[in-house]
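Visitor: What follows is a structure written as structure tokens; I'll ask about it next.
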Amino acid sequence: MNHSGRFRRRAGSLQEELTLLAPLALIAVITVLSFATPSHLYFSRFLSLAPAFAASLWPVAGTVAIGVLAAAIDVAVAVTFGPVDARSYTHLFTLMVIVGATAAAACASHVRQQREQALAEVSSVAETTQKVLLRPMPHRLGRLDIEALYLAAAARARVGGDFYEALETARGVRLVIGDVRGKGLSAVGMASAIVSSFREFAYDEPDLARLARRLDVSMGRYTALLPGDHTESFATAVLAEIPDDGSAVRIVNCGHPPPLLFHAGAVREVTPTASSPPINMGALLGEDYRIDTVSFTAEDQLLLYTDGVTETRDRTGAFFPLVQHAGQWDTDSPSRLLKQLHSDLVHYSQNHLDDDIAAIAIRAVASTASHRA
């Protein structure tokens, strides 16, 4: 995998370099045609395309240099063929067009560079936000091996409404994964608020259902401070608690897709016995958050995921059959499990993911030693 990654980077770098040479290649082709064809065809008139093309690739100085080169070649063509009839006026007109096109291209290049700089700054902020919201997951917490996966639907996206976190507390490892309703900065803000609240309350709250309730109350206060109507802002989530001294996992499912449990070569969905409201909908619906306890012994694995997984579609519009695929996976490690999930999603969607995807794989190991990351 490392070799293929290096090959893709080198191929991408070579492609970028060849693209940057395109304005020069265009000038070379037009120059050859200008000297190799009858003079009345005036191929030199196309030289004004070169600075216009360069504006989309080169900085201002390079764009101007391309324009100067194109103008020089037009003069050379005019001198070579000599002034016959109105030919000199044609070359003069072409020269004026090249000068005008170069000036416009230089302005366009300047505007493009400013936008690229603004985009780079925004990307930097988004990357910093991602590091706060989706910090690198520790590979080992308590008696658990853990791996996380995040896939952005947009190629340049850094962060979205999906979130997750795992913490080692006095009551064992506590995890949360969820998906905020909606898109854009408002979804990112709410996701960040939920993760921040979870990091604060997970250490103190003795009961997992009460932890979910505190997240619900906290999000109600958060959305109340936002401008506009946010009464329908909510997040589905799964909270899980895996004690170090036990062989079970406690789960609160807040309207989220059910986790998958891999046990003894079989896989099943851990569906809640009673429904719990989404985060920020508990007070509105007046419902309690309920805990389900499931056996989770050594070598078992648990897969938590957002709805971007099950809502991935193929070319016919059919949803991704997660349980069917999961039954064919190797479950020797969380990293292996997530690699297979990633591969199957990309193949099933033909590399066209329409939604952000987050997933956490947790494997119980025999050792109960605590290794803090």
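Ordered as shown in the structure tokens, chains take letters A, B, and onward, while each chain numbers its residues from 1 and ligands are numbered from 1 in the order shown.
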Write out as an MDAnalysis selection string all residues of stretch 206-239 of chain A that backbone DSSP assigns to alpha helix (DSSP H).
Guide: chainID A and resid 208:224
Visitor: Neighbours of A:Thr306 within 12 Å (only C-alpha atoms; same-chain residues fewer than 2 positions away dropped), as a VMD selection string?
Guide: chain A and resid 148 to 151 161 to 164 176 to 181 235 to 238 255 to 260 303 to 304 308 to 312 322 355 to 360
Visitor: So how many Å separate atom CA of A:Ala202 and atom CA of A:Val217, to one decimal?
Guide: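 Result for atom CA of A:Ala202 versus atom CA of A:Val217: 14.3 Å, one decimal.
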Visitor: List as a tab-separated table every residue of stretch 213-256 of chain A that is in contact with stretch 261-278 of chain A, defined as an atom at most 12 Å from one of its atoms (using only C-alpha atoms), together with the nearest atom pair and the distance in Å rounded to one decimal, sorted by chain and then rising number.
Guide:
residue	atom	partner	partner_atom	distance
A:Arg213	CA	A:Pro277	CA	9.7
A:Leu215	CA	A:Pro278	CA	10.2
A:Asp216	CA	A:Pro278	CA	8.1
A:Val217	CA	A:Pro278	CA	11.6
A:Met219	CA	A:Pro278	CA	10.8
A:Gly220	CA	A:Pro278	CA	11.7
A:Glu232	CA	A:Pro278	CA	10.8
A:Ser233	CA	A:Pro278	CA	9.9
A:Phe234	CA	A:Pro278	CA	6.4
A:Ala235	CA	A:Pro278	CA	5.7
A:Thr236	CA	A:Pro278	CA	4.8
A:Ala237	CA	A:Pro278	CA	6.8
A:Val238	CA	A:Pro278	CA	9.4
A:Leu239	CA	A:Ser276	CA	11.2
A:Ala240	CA	A:Val270	CA	11.6
A:Ala248	CA	A:Leu261	CA	11.6
A:Val249	CA	A:Leu261	CA	10.4
A:Arg250	CA	A:Val270	CA	10.9
A:Ile251	CA	A:Pro272	CA	8.3
A:Val252	CA	A:Ser276	CA	7.4
A:Asn253	CA	A:Ser276	CA	6.2
A:Cys254	CA	A:Pro278	CA	4.5
A:Gly255	CA	A:Pro278	CA	5.2
A:His256	CA	A:Pro278	CA	7.7
Visitor: Mind pulling up the distance from atom CA of A:Leu167 to atom CA of A:Tyr203?
Guide: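 Atom CA of A:Tyr203 sits 8.3 Å away from atom CA of A:Leu167.
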Visitor: Enumerate, as number ranges by chain, the complete set of residues in stretch 143-332 of chain A that a backbone-based DSSP assignment places in strand (DSSP E).
Guide: A: 144-151, 162-169, 172-180, 235-242, 248-254, 260-263, 266-269, 292-295, 301-305
Visitor: Counting only C-alpha atoms, which of A:Ile362, A:Ala105, A:Ala212, A:Ala61 gets nearest to A:Arg290?
Guide: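 That would be A:Ala212, the residue with the smallest distance to A:Arg290.
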Visitor: As an exercise, work out the distance from atom CA of A:Ser197 to atom CA of A:Ile279 in Å and give it to one decimal place.
Guide: 11.8 Å
